[in-house]
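Dumped query.txt below, it's compact mmCIF, C-alpha atoms:
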```txt
# COMPACT_ATOMS: atom_id res chain seq x y z
CA MET A 17 61.34 105.84 109.59
CA SER A 18 63.61 106.04 106.55
CA ILE A 19 66.44 108.53 106.29
CA LEU A 20 67.09 110.47 103.08
CA SER A 21 70.04 112.62 102.10
CA TRP A 22 69.96 116.41 102.04
CA GLY A 23 69.44 116.21 98.30
CA ASN A 24 66.27 114.11 98.82
CA TYR A 25 67.52 111.72 96.15
CA PRO A 26 67.45 108.77 95.85
CA LYS A 27 64.26 107.75 97.66
CA VAL A 28 65.22 104.70 99.72
CA SER A 29 64.06 102.60 102.65
CA ASN A 30 66.38 101.76 105.53
CA THR A 31 66.48 100.65 109.14
CA VAL A 32 67.91 103.14 111.64
CA PHE A 33 69.84 101.98 114.72
CA ASN A 34 70.51 104.19 117.73
CA PHE A 35 72.98 103.28 120.46
CA LYS A 36 73.41 104.48 124.03
CA THR A 37 76.62 102.69 124.96
CA LEU A 38 79.65 101.42 123.10
CA LEU A 39 78.53 97.90 123.97
CA ASN A 40 75.23 98.61 122.16
CA LEU A 41 77.19 99.83 119.16
CA LYS A 42 79.42 96.75 119.16
CA GLU A 43 76.36 94.51 119.22
CA ILE A 44 74.91 96.35 116.21
CA THR A 45 78.12 96.09 114.19
CA GLN A 46 78.46 92.38 114.94
CA LYS A 47 74.83 91.48 114.24
CA TYR A 48 74.15 93.45 111.05
CA SER A 49 75.81 94.10 107.71
CA GLU A 50 75.36 96.83 105.08
CA LEU A 51 75.85 99.45 107.79
CA ILE A 52 76.84 103.09 107.40
CA PRO A 53 77.29 105.75 110.12
CA HIS A 54 75.01 108.79 109.81
CA GLY A 55 75.47 112.23 111.36
CA HIS A 56 73.12 115.15 110.77
CA GLY A 57 71.98 114.27 107.26
CA ARG A 58 73.72 117.07 105.34
CA SER A 59 75.51 114.84 102.81
CA TYR A 60 74.00 115.73 99.44
CA GLY A 61 74.20 112.30 97.83
CA ASP A 62 74.16 108.63 98.80
CA SER A 63 77.40 108.39 100.80
CA ALA A 64 75.50 108.12 104.13
CA LEU A 65 72.67 105.93 102.86
CA SER A 66 72.49 102.16 103.16
CA LYS A 67 70.18 99.32 104.11
CA ASN A 68 71.08 99.83 107.78
CA ILE A 69 72.05 103.16 109.30
CA ILE A 70 73.87 103.82 112.59
CA GLN A 71 72.66 107.15 113.96
CA VAL A 72 75.60 108.94 115.64
CA ARG A 73 74.06 112.39 116.21
CA SER A 74 72.94 111.64 119.80
CA HIS A 75 76.54 110.75 120.72
CA ASN A 76 77.21 114.46 121.27
CA TYR A 77 78.99 115.32 124.51
CA PHE A 78 81.80 117.81 124.98
CA ILE A 79 84.54 115.86 126.78
CA SER A 80 87.28 118.41 127.53
CA PHE A 81 88.84 121.70 126.43
CA ASP A 82 92.32 123.08 127.05
CA LYS A 83 91.83 126.84 127.31
CA ASP A 84 95.56 127.45 126.95
CA THR A 85 96.12 125.50 123.74
CA GLY A 86 92.63 125.44 122.20
CA LEU A 87 92.50 121.65 121.95
CA LEU A 88 88.88 120.47 122.08
CA HIS A 89 87.79 116.87 122.72
CA VAL A 90 84.23 116.05 121.64
CA GLN A 91 82.11 113.07 120.71
CA ALA A 92 81.51 112.53 117.02
CA GLY A 93 77.86 113.61 117.06
CA VAL A 94 78.62 117.18 118.15
CA LEU A 95 77.63 119.75 115.51
CA LEU A 96 80.07 122.40 114.34
CA SER A 97 77.34 124.94 115.23
CA GLU A 98 77.41 123.73 118.84
CA ILE A 99 81.17 124.28 118.94
CA LEU A 100 80.78 127.78 117.50
CA ASN A 101 78.01 128.73 119.91
CA SER A 102 80.20 127.72 122.85
CA PHE A 103 83.60 128.97 121.75
CA ILE A 104 83.29 132.05 119.54
CA PRO A 105 82.36 134.16 122.63
CA ARG A 106 85.55 132.85 124.24
CA GLY A 107 87.68 133.86 121.24
CA TRP A 108 88.04 130.51 119.45
CA PHE A 109 87.03 129.38 115.97
CA LEU A 110 87.40 126.32 113.76
CA LYS A 111 90.68 126.18 111.85
CA VAL A 112 88.79 124.73 108.87
CA THR A 113 85.04 124.96 108.29
CA PRO A 114 82.86 124.01 105.32
CA GLY A 115 79.97 126.12 104.00
CA THR A 116 77.55 124.76 106.60
CA LYS A 117 77.95 124.56 110.37
CA LEU A 118 75.12 122.02 110.62
CA ILE A 119 77.29 118.92 110.29
CA THR A 120 78.77 116.63 112.91
CA VAL A 121 82.45 116.38 113.77
CA GLY A 122 82.34 112.74 112.68
CA GLY A 123 80.87 113.75 109.34
CA ALA A 124 83.50 116.48 108.92
CA ILE A 125 86.24 113.88 109.40
CA ALA A 126 84.61 111.24 107.21
CA SER A 127 84.25 113.76 104.37
CA ASP A 128 87.54 115.52 105.21
CA VAL A 129 85.69 118.76 104.57
CA HIS A 130 87.39 121.91 103.42
CA GLY A 131 86.48 125.57 103.36
CA LYS A 132 87.32 128.98 102.02
CA ASN A 133 90.89 128.75 103.32
CA HIS A 134 92.10 125.44 101.87
CA HIS A 135 94.90 127.24 100.00
CA ILE A 136 96.19 128.33 103.43
CA ALA A 137 95.03 125.73 106.00
CA GLY A 138 94.19 122.53 104.09
CA CYS A 139 91.36 120.13 105.00
CA PHE A 140 89.58 119.53 108.31
CA SER A 141 91.92 116.61 109.04
CA GLU A 142 94.76 119.12 109.48
CA SER A 143 93.06 120.27 112.69
CA VAL A 144 92.38 116.72 113.95
CA THR A 145 95.03 115.51 116.35
CA MET A 146 93.29 112.21 117.22
CA PHE A 147 90.06 110.27 116.86
CA ARG A 148 88.81 106.92 118.14
CA LEU A 149 87.34 104.48 115.67
CA MET A 150 85.26 101.35 116.23
CA LEU A 151 86.26 98.71 113.69
CA PRO A 152 83.90 96.03 112.29
CA ASP A 153 84.83 93.53 115.00
CA GLY A 154 84.05 96.03 117.77
CA GLU A 155 87.68 96.84 118.56
CA ILE A 156 88.26 100.52 119.38
CA VAL A 157 91.50 102.04 118.07
CA GLU A 158 93.02 105.47 118.49
CA CYS A 159 94.09 107.03 115.19
CA SER A 160 96.34 109.98 114.44
CA LYS A 161 99.07 110.93 112.01
CA GLN A 162 101.51 109.18 114.36
CA GLU A 163 99.45 106.19 115.52
CA ASN A 164 97.49 103.82 113.28
CA THR A 165 98.45 106.15 110.47
CA GLU A 166 96.99 103.93 107.76
CA LEU A 167 93.56 104.02 109.43
CA PHE A 168 93.83 107.79 109.91
CA LYS A 169 94.52 108.37 106.21
CA ALA A 170 91.72 106.02 105.16
CA THR A 171 89.11 107.38 107.58
CA CYS A 172 89.70 111.08 106.83
CA GLY A 173 87.77 111.32 103.58
CA GLY A 174 86.74 107.66 103.76
CA MET A 175 83.00 108.44 103.78
CA GLY A 176 82.24 106.31 106.85
CA LEU A 177 83.50 103.12 105.23
CA THR A 178 86.22 102.30 107.79
CA GLY A 179 84.05 102.11 110.91
CA VAL A 180 82.28 104.38 113.38
CA ILE A 181 84.12 107.49 114.56
CA LEU A 182 83.42 107.82 118.30
CA ASP A 183 85.15 111.01 119.37
CA ALA A 184 87.92 113.35 118.26
CA LYS A 185 90.35 115.99 119.44
CA ILE A 186 90.41 119.04 117.19
CA GLN A 187 92.60 122.12 117.34
CA LEU A 188 90.78 125.45 117.41
CA LYS A 189 92.27 128.83 116.42
CA THR A 190 92.13 132.15 118.27
CA ILE A 191 90.09 135.07 116.96
CA ASN A 192 89.40 138.54 118.33
CA SER A 193 86.12 139.26 116.56
CA GLN A 194 83.03 137.61 115.19
CA TYR A 195 83.27 139.95 112.20
CA ILE A 196 85.12 139.64 108.91
CA ASP A 197 86.67 142.43 106.84
CA GLN A 198 85.31 141.41 103.45
CA THR A 199 86.41 142.68 100.05
CA THR A 200 84.21 141.90 97.04
CA ILE A 201 85.75 141.94 93.58
CA LYS A 202 83.42 142.02 90.57
CA THR A 203 84.87 140.41 87.44
CA SER A 204 83.63 140.48 83.85
CA ASN A 205 84.81 137.10 82.52
CA LEU A 206 86.72 133.92 83.39
CA LYS A 207 90.12 135.46 82.66
CA GLU A 208 89.46 138.31 85.11
CA THR A 209 88.17 135.80 87.66
CA PHE A 210 91.41 133.82 87.62
CA GLU A 211 93.47 137.02 87.77
CA ALA A 212 91.48 138.18 90.81
CA PHE A 213 92.00 134.89 92.66
CA GLU A 214 95.74 135.13 92.08
CA THR A 215 95.87 138.79 93.09
CA TYR A 216 94.17 138.04 96.41
CA ARG A 217 95.59 134.57 97.02
CA ASP A 218 97.34 135.73 100.22
CA LYS A 219 94.01 136.48 101.85
CA PRO A 220 93.18 133.65 104.28
CA TYR A 221 89.60 133.21 103.06
CA SER A 222 88.30 133.40 99.49
CA VAL A 223 85.28 132.16 97.57
CA ALA A 224 83.52 133.21 94.38
CA TRP A 225 79.94 133.03 93.16
CA ILE A 226 80.05 132.51 89.41
CA ASP A 227 77.34 133.04 86.80
CA CYS A 228 77.27 129.64 85.12
CA LEU A 229 74.74 130.70 82.47
CA ALA A 230 76.72 133.67 81.15
CA LYS A 231 77.90 133.27 77.56
CA GLY A 232 80.38 134.77 75.13
CA ASN A 233 82.60 137.53 76.47
CA GLU A 234 80.85 137.41 79.86
CA MET A 235 81.32 133.69 80.49
CA GLY A 236 82.91 133.07 83.89
CA LYS A 237 82.05 136.45 85.40
CA CYS A 238 81.86 136.34 89.17
CA LEU A 239 81.72 138.03 92.53
CA LEU A 240 84.86 137.07 94.46
CA MET A 241 84.64 137.52 98.22
CA VAL A 242 87.90 137.54 100.20
CA GLY A 243 88.43 138.35 103.83
CA ASP A 244 90.01 137.94 107.23
CA PHE A 245 88.86 138.32 110.82
CA CYS A 246 88.62 141.83 112.26
CA ASP A 247 90.57 142.74 115.39
CA ASN A 248 87.94 144.79 117.22
CA GLY A 249 87.33 142.56 120.26
CA ARG A 250 83.66 142.04 119.39
CA LEU A 251 82.85 138.42 120.22
CA ASP A 252 79.13 138.91 120.89
CA TYR A 253 78.11 135.96 118.73
CA GLN A 254 74.50 134.83 118.77
CA THR A 255 72.65 132.46 116.46
CA LYS A 256 70.13 134.31 114.33
CA LYS A 257 66.52 133.31 113.82
CA ASN A 258 66.20 131.59 110.47
CA LEU A 259 63.71 131.87 107.71
CA SER A 260 62.42 128.48 106.59
CA ILE A 261 61.04 127.02 103.38
CA PRO A 262 57.74 125.43 104.52
CA PHE A 263 57.13 123.09 101.57
CA ASN A 264 58.65 121.67 98.40
CA PHE A 265 58.56 124.18 95.55
CA PRO A 266 56.72 123.15 92.38
CA ALA A 267 59.04 121.55 89.81
CA LEU A 268 58.53 124.41 87.34
CA ALA A 269 59.58 127.10 89.85
CA LEU A 270 63.27 126.49 89.19
CA ASN A 271 64.11 126.71 85.49
CA LYS A 272 66.63 128.37 83.21
CA PHE A 273 64.60 131.61 83.20
CA THR A 274 64.32 131.94 86.99
CA VAL A 275 67.98 130.98 87.43
CA LYS A 276 69.01 133.52 84.80
CA ALA A 277 66.92 136.21 86.53
CA PHE A 278 68.44 135.37 89.91
CA ASN A 279 71.97 135.48 88.48
CA TRP A 280 71.29 138.86 86.87
CA LEU A 281 70.00 140.31 90.12
CA TYR A 282 72.73 138.78 92.30
CA TYR A 283 75.54 139.96 90.04
CA GLY A 284 73.92 143.37 89.62
CA LYS A 285 73.57 144.04 93.34
CA VAL A 286 77.30 144.84 93.50
CA ARG A 287 77.87 148.16 91.77
CA LYS A 288 81.58 148.79 92.24
CA LYS A 289 84.48 146.83 90.81
CA ILE A 290 85.93 146.54 94.32
CA SER A 291 83.91 147.14 97.49
CA GLN A 292 84.54 146.60 101.18
CA GLN A 293 82.35 145.90 104.19
CA GLN A 294 82.26 144.17 107.54
CA VAL A 295 80.09 141.07 107.80
CA ASP A 296 79.50 138.62 110.63
CA ILE A 297 80.72 135.02 110.74
CA ASP A 298 77.40 133.51 109.69
CA THR A 299 77.03 135.82 106.69
CA PHE A 300 80.56 135.14 105.45
CA PHE A 301 80.92 131.43 106.17
CA TYR A 302 77.37 130.03 106.34
CA PRO A 303 74.95 132.07 104.21
CA LEU A 304 72.71 129.11 103.33
CA ASP A 305 72.29 128.10 106.98
CA ALA A 306 70.13 131.22 107.36
CA ILE A 307 67.40 129.45 105.36
CA GLY A 308 65.87 126.40 107.00
CA HIS A 309 65.02 123.50 104.68
CA TRP A 310 66.47 125.34 101.69
CA ASN A 311 66.72 121.98 99.91
CA ARG A 312 62.96 122.18 99.35
CA ILE A 313 63.56 124.87 96.73
CA TYR A 314 64.43 122.10 94.30
CA GLY A 315 61.07 120.35 94.60
CA LYS A 316 59.98 116.86 95.62
CA ASN A 317 62.27 115.10 93.14
CA GLY A 318 65.32 116.49 94.93
CA PHE A 319 68.65 117.81 93.69
CA THR A 320 72.29 116.94 93.48
CA GLN A 321 75.45 118.98 93.74
CA TYR A 322 78.11 118.46 91.13
CA GLN A 323 81.48 119.42 92.57
CA PHE A 324 84.74 118.78 90.78
CA ILE A 325 88.30 120.00 91.07
CA LEU A 326 90.96 120.43 88.39
CA PRO A 327 94.74 120.73 88.72
CA LYS A 328 95.84 124.34 88.61
CA GLU A 329 97.60 124.04 85.26
CA ASN A 330 94.42 122.65 83.68
CA SER A 331 91.83 124.70 85.56
CA TYR A 332 91.26 127.50 83.06
CA ASP A 333 90.82 125.28 80.01
CA GLY A 334 88.74 122.74 81.92
CA LEU A 335 86.43 125.35 83.46
CA ASP A 336 86.06 127.03 80.09
CA GLY A 337 84.83 123.75 78.59
CA ILE A 338 82.52 122.93 81.48
CA LEU A 339 80.95 126.39 81.66
CA LYS A 340 80.28 126.29 77.92
CA ALA A 341 78.62 122.88 78.26
CA ILE A 342 76.43 124.05 81.17
CA SER A 343 75.48 127.32 79.48
CA ASN A 344 74.57 125.52 76.26
CA SER A 345 72.45 122.99 78.17
CA GLY A 346 70.37 125.68 79.87
CA LYS A 347 70.47 123.67 83.12
CA GLY A 348 72.03 126.42 85.16
CA SER A 349 72.64 126.64 88.88
CA PHE A 350 72.12 129.78 90.96
CA LEU A 351 74.43 128.23 93.57
CA ALA A 352 77.72 128.02 91.67
CA VAL A 353 80.78 128.30 93.90
CA LEU A 354 84.37 128.58 92.68
CA LYS A 355 87.30 128.13 95.08
CA LEU A 356 91.10 128.04 95.00
CA TYR A 357 92.88 125.12 96.69
CA GLY A 358 96.33 124.37 97.99
CA PRO A 359 98.29 121.10 97.73
CA ALA A 360 96.64 117.70 98.25
CA ASN A 361 97.15 115.82 101.53
CA ASP A 362 98.15 112.17 102.04
CA ASN A 363 94.67 110.82 102.80
CA TYR A 364 93.49 108.15 100.39
CA LEU A 365 90.18 109.67 99.28
CA SER A 366 90.38 113.36 100.25
CA PHE A 367 88.99 115.53 97.51
CA PRO A 368 91.19 118.65 97.27
CA LEU A 369 94.27 119.05 95.12
CA GLU A 370 96.12 122.19 94.11
CA GLY A 371 93.85 123.96 91.68
CA TYR A 372 90.28 125.21 91.35
CA SER A 373 86.96 123.57 92.14
CA LEU A 374 83.47 124.43 91.02
CA ALA A 375 80.32 123.30 92.86
CA LEU A 376 76.91 123.53 91.21
CA ASP A 377 73.45 122.52 92.42
CA PHE A 378 71.06 120.98 89.89
CA LYS A 379 67.49 119.84 90.43
CA ILE A 380 66.86 116.22 89.47
CA GLU A 381 65.15 116.32 86.08
CA LYS A 382 65.15 114.64 82.70
CA GLY A 383 68.46 114.94 80.90
CA LEU A 384 70.49 116.01 83.96
CA PHE A 385 72.52 112.85 84.44
CA GLU A 386 73.38 112.79 80.74
CA LEU A 387 74.74 116.33 81.09
CA LEU A 388 76.75 115.36 84.17
CA ASP A 389 78.17 112.35 82.31
CA GLU A 390 79.44 114.79 79.68
CA LEU A 391 80.95 116.99 82.39
CA ASP A 392 82.65 113.91 83.86
CA LYS A 393 84.43 113.38 80.54
CA ILE A 394 85.80 116.91 80.66
CA VAL A 395 86.89 116.49 84.29
CA VAL A 396 88.68 113.24 83.45
CA LYS A 397 90.26 114.79 80.35
CA TYR A 398 91.80 117.53 82.48
CA GLN A 399 92.88 115.10 85.26
CA GLY A 400 90.37 116.25 87.85
CA ARG A 401 88.16 114.44 90.34
CA ILE A 402 84.62 114.42 91.77
CA TYR A 403 83.78 115.11 95.45
CA LEU A 404 82.18 112.05 97.02
CA ALA A 405 80.42 113.99 99.80
CA LYS A 406 78.25 115.66 97.14
CA ASP A 407 77.95 112.83 94.60
CA VAL A 408 74.97 110.61 93.83
CA ARG A 409 75.65 109.28 90.33
CA VAL A 410 79.30 109.25 89.18
CA SER A 411 80.41 106.03 87.49
CA LYS A 412 83.10 103.74 88.86
CA GLU A 413 85.28 104.43 85.83
CA ALA A 414 85.10 108.23 86.08
CA PHE A 415 85.62 108.14 89.85
CA GLU A 416 88.67 105.85 89.75
CA GLN A 417 90.58 107.99 87.28
CA GLY A 418 90.57 110.89 89.73
CA TYR A 419 91.76 109.01 92.83
CA PRO A 420 95.16 107.33 92.39
CA LYS A 421 95.13 105.90 95.95
CA ILE A 422 91.86 104.03 95.52
CA ASN A 423 93.49 100.59 95.48
CA ALA A 424 95.26 101.31 98.78
CA PHE A 425 91.87 102.21 100.25
CA ARG A 426 90.30 99.01 98.90
CA ALA A 427 93.16 96.92 100.31
CA LEU A 428 92.74 98.42 103.77
CA ARG A 429 88.98 97.81 103.67
CA LYS A 430 89.63 94.17 102.84
CA LYS A 431 92.39 93.81 105.46
CA TYR A 432 90.06 94.88 108.30
CA HIS A 433 86.95 93.19 106.80
CA MET A 434 85.33 96.62 106.52
CA ASN A 435 83.89 95.75 103.12
CA GLU A 436 81.84 93.00 104.80
CA LYS A 437 80.17 95.39 107.26
CA PHE A 438 80.33 99.04 106.24
CA VAL A 439 78.66 99.66 102.91
CA SER A 440 76.83 102.64 101.40
CA LEU A 441 74.83 103.00 98.22
CA GLN A 442 77.73 105.07 96.94
CA SER A 443 80.38 102.49 97.80
CA GLN A 444 78.42 99.81 95.98
CA ARG A 445 78.07 102.00 92.91
CA ILE A 446 81.75 102.95 92.61
CA GLY A 447 83.22 99.73 93.93
CA ILE A 448 84.93 100.80 97.12
```
Representation of the structure as structure tokens:
Amino acid sequence: MSILSWGNYPKVSNTVFNFKTLLNLKEITQKYSELIPHGHGRSYGDSALSKNIIQVRSHNYFISFDKDTGLLHVQAGVLLSEILNSFIPRGWFLKVTPGTKLITVGGAIASDVHGKNHHIAGCFSESVTMFRLMLPDGEIVECSKQENTELFKATCGGMGLTGVILDAKIQLKTINSQYIDQTTIKTSNLKETFEAFETYRDKPYSVAWIDCLAKGNEMGKCLLMVGDFCDNGRLDYQTKKNLSIPFNFPALALNKFTVKAFNWLYYGKVRKKISQQQVDIDTFFYPLDAIGHWNRIYGKNGFTQYQFILPKENSYDGLDGILKAISNSGKGSFLAVLKLYGPANDNYLSFPLEGYSLALDFKIEKGLFELLDELDKIVVKYQGRIYLAKDVRVSKEAFEQGYPKINAFRALRKKYHMNEKFVSLQSQRIGI
């Protein structure tokens, strides 16, 4: 059985290894090369694809929990959804969560994921107090910001290229409701969108859907959703039954006309300039998780997400150029997410920096990669970077210009002989 990414591209063959004990895992790492750890398969691109894959998902026990401090110790294969199901009813939530709860803790660390509160709370690694890592030679080391610091900074955001994360201690936060007080701000153009983000920047959570096909005076119009947890004591959290996409959509189903129609309807559903409502955790944080196999919408050829970030001082001009290029191409995305970020951390390959990011989903089709190459040039021009957890095609040259600590990461890989064992299709393409 071959494993594909969530984007269903590229189509590859691989051998999958499961392990029951750490001794089994050590034997695998010593016997085989071109290995990459694999969690729940939600990486969009080729960062968790290789000739040989180590399946970590079954390594999924809860080890301990301190009910006084909120410190949770779990194995790396535990899903964020499993943590939420267990701990929201007890009044605890993740300090940092991405837009899906269907990823493993190990994957969250390896991608150093971020969420709607990066401008307040930073990346997932800020909540990680310790993890254990198996190195290429089978040695197990404990990593934190105080111990084996170099390995900590390389592994958080290192895309599985430093070894196999075995378990981790993560700090949860207290909540008193499974509901969010949400305010939605409807903007008319990119200038208003930036003004709205700055007006509401003190809100702990913020995210915007942006119409990437809008042109002229309407370019950059959005629906900005900001919010914070309610304080009503309602912790009756239950996972909802999901709808599911039963088959791959035909290639022609998603085109500039259907995307434009969706964008018109989605933007038009909000009537007021500012509106308020209470929504539950899943609606606010994980709207796409309500649709099983939603990746099938993009058809059998698959899709990729293009996510970039620009420094704050360059964000307006850079986004203006990129939105114009996308609108002119007609290759729009109905999933276009704009977010505000706080300062970068010290990890070698973590994506965020202080500024704005835009994430767009595109179906794989003729002419797409040429468009994305053009967008890369704009990102590089404005000193931005591409997110590796979503990437499937960026060039080595474009990637390197966005990550100034790349040579430190390469040196560490060589020092521990990681480059001889842990390799992904992505790492081969961009030379890390």
Practice problem: Would you mind listing what lies within 9 Å of A:Tyr195 as a list in words, with only C-alpha atoms counted and same-chain residues fewer than 3 positions away left out? | Solution: Asn192, Asp244, Phe245, Cys246, Asp247, Asn248, Arg250, Leu251, Gln294, Val295, Asp296, Ile297 and Phe300 of chain A
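Minimum atom-to-atom distances from A:Phe168, A:Phe140, A:Phe425, A:Tyr357 to A:Ser331 were compared using all atoms listed in the file, and the lowest value belongs to A:Tyr357.
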Exercise. Using atom CA of A:Glu390 and atom CA of A:Phe415 as the two end points, give the distance in Å to one decimal.
Key: 13.6 Å
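Straight-line separation from atom CA of A:Asn34 to atom CA of A:Ile448: 25.4 Å.
You can rank A:Arg148, A:Lys288, A:Arg409, A:Lys272 by their closest distance to A:Thr203 using only C-alpha atoms, and at the top of that list sits A:Lys288.
A straight line drawn from atom CA of A:Val28 to atom CA of A:Gly315 is 17.0 Å long.
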Each stretch 224-309 of chain A residue no farther than 8 Å from stretch 111-126 of chain A, nearest pair in Å, all atoms listed in the file, as a tab-separated table:
```
residue	atom	partner	partner_atom	distance
A:Phe301	CA	A:Gly115	CA	5.8
A:Tyr302	CA	A:Gly115	CA	5.2
A:Pro303	CA	A:Gly115	CA	7.8
A:Leu304	CA	A:Thr116	CA	7.3
A:Asp305	CA	A:Thr116	CA	6.2
```
Selected residues written out, C-alpha atoms, as a PDB file, in the coordinates of the input:
```pdb
ATOM      1  CA  PHE A 301      80.920 131.430 106.170  1.00  0.00           C
ATOM      2  CA  TYR A 302      77.370 130.030 106.340  1.00  0.00           C
ATOM      3  CA  PRO A 303      74.950 132.070 104.210  1.00  0.00           C
ATOM      4  CA  LEU A 304      72.710 129.110 103.330  1.00  0.00           C
ATOM      5  CA  ASP A 305      72.290 128.100 106.980  1.00  0.00           C
TER       6      ASP A 305
END
```
Neighbourhood query: residues within 12 Å of (59.9, 130.6, 111.0), file coordinates, counting all atoms listed in the file; return as a CSV table (one decimal) with C-alpha atoms, keeping the file's coordinate frame.
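In the end it all went to part-v7.csv:
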```
chain,number,residue,atom,x,y,z
A,256,LYS,CA,70.1,134.3,114.3
A,257,LYS,CA,66.5,133.3,113.8
A,258,ASN,CA,66.2,131.6,110.5
A,259,LEU,CA,63.7,131.9,107.7
A,260,SER,CA,62.4,128.5,106.6
A,261,ILE,CA,61.0,127.0,103.4
A,262,PRO,CA,57.7,125.4,104.5
A,306,ALA,CA,70.1,131.2,107.4
A,307,ILE,CA,67.4,129.4,105.4
A,308,GLY,CA,65.9,126.4,107.0
A,309,HIS,CA,65.0,123.5,104.7
```
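Each of A:Cys159, A:Met434, A:Ile19, A:Ile342 was checked against A:Leu388 using only C-alpha atoms; the smallest atom-to-atom distance is that of A:Ile342.
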Quiz prompt | Exercise: A:Phe33 partners within 12 Å, all atoms listed in the file, chain neighbours under 2 positions left out, as a PyMOL selection string | solution = chain A and resi 17-19+30-31+35-36+40-45+47-48+51-54+66-74
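Distances here use all atoms listed in the file; by that measure, the residue among A:Gly348, A:Tyr253, A:Asn330, A:Ile104 closest to A:Phe273 is A:Gly348.
For A:Gly174, the non-local neighbours within 10 Å, defined as residues at least 5 positions apart in the same chain or in other chains and counting only C-alpha atoms, are Ser63, Ile125, Ala126, Ser127, Asp128, Leu167, Phe168, Lys169, Gly179, Asn363, Tyr364, Leu365, Ser366, Leu404, Ala405, Phe425 and Ile448 of chain A.
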Self-check item: Residue neighbourhood A:Val353, 7 Å, all atoms listed in the file, exclusion window fewer than 4 positions, as JSON, numbers by chain
Solution: {"A": [223, 224, 225, 226, 374, 375, 376]}
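Minimum atom-to-atom distances from A:Ala427, A:Leu240, A:Leu326, A:Val408 to A:Ser373 were compared using all atoms listed in the file, and the lowest value belongs to A:Leu326.
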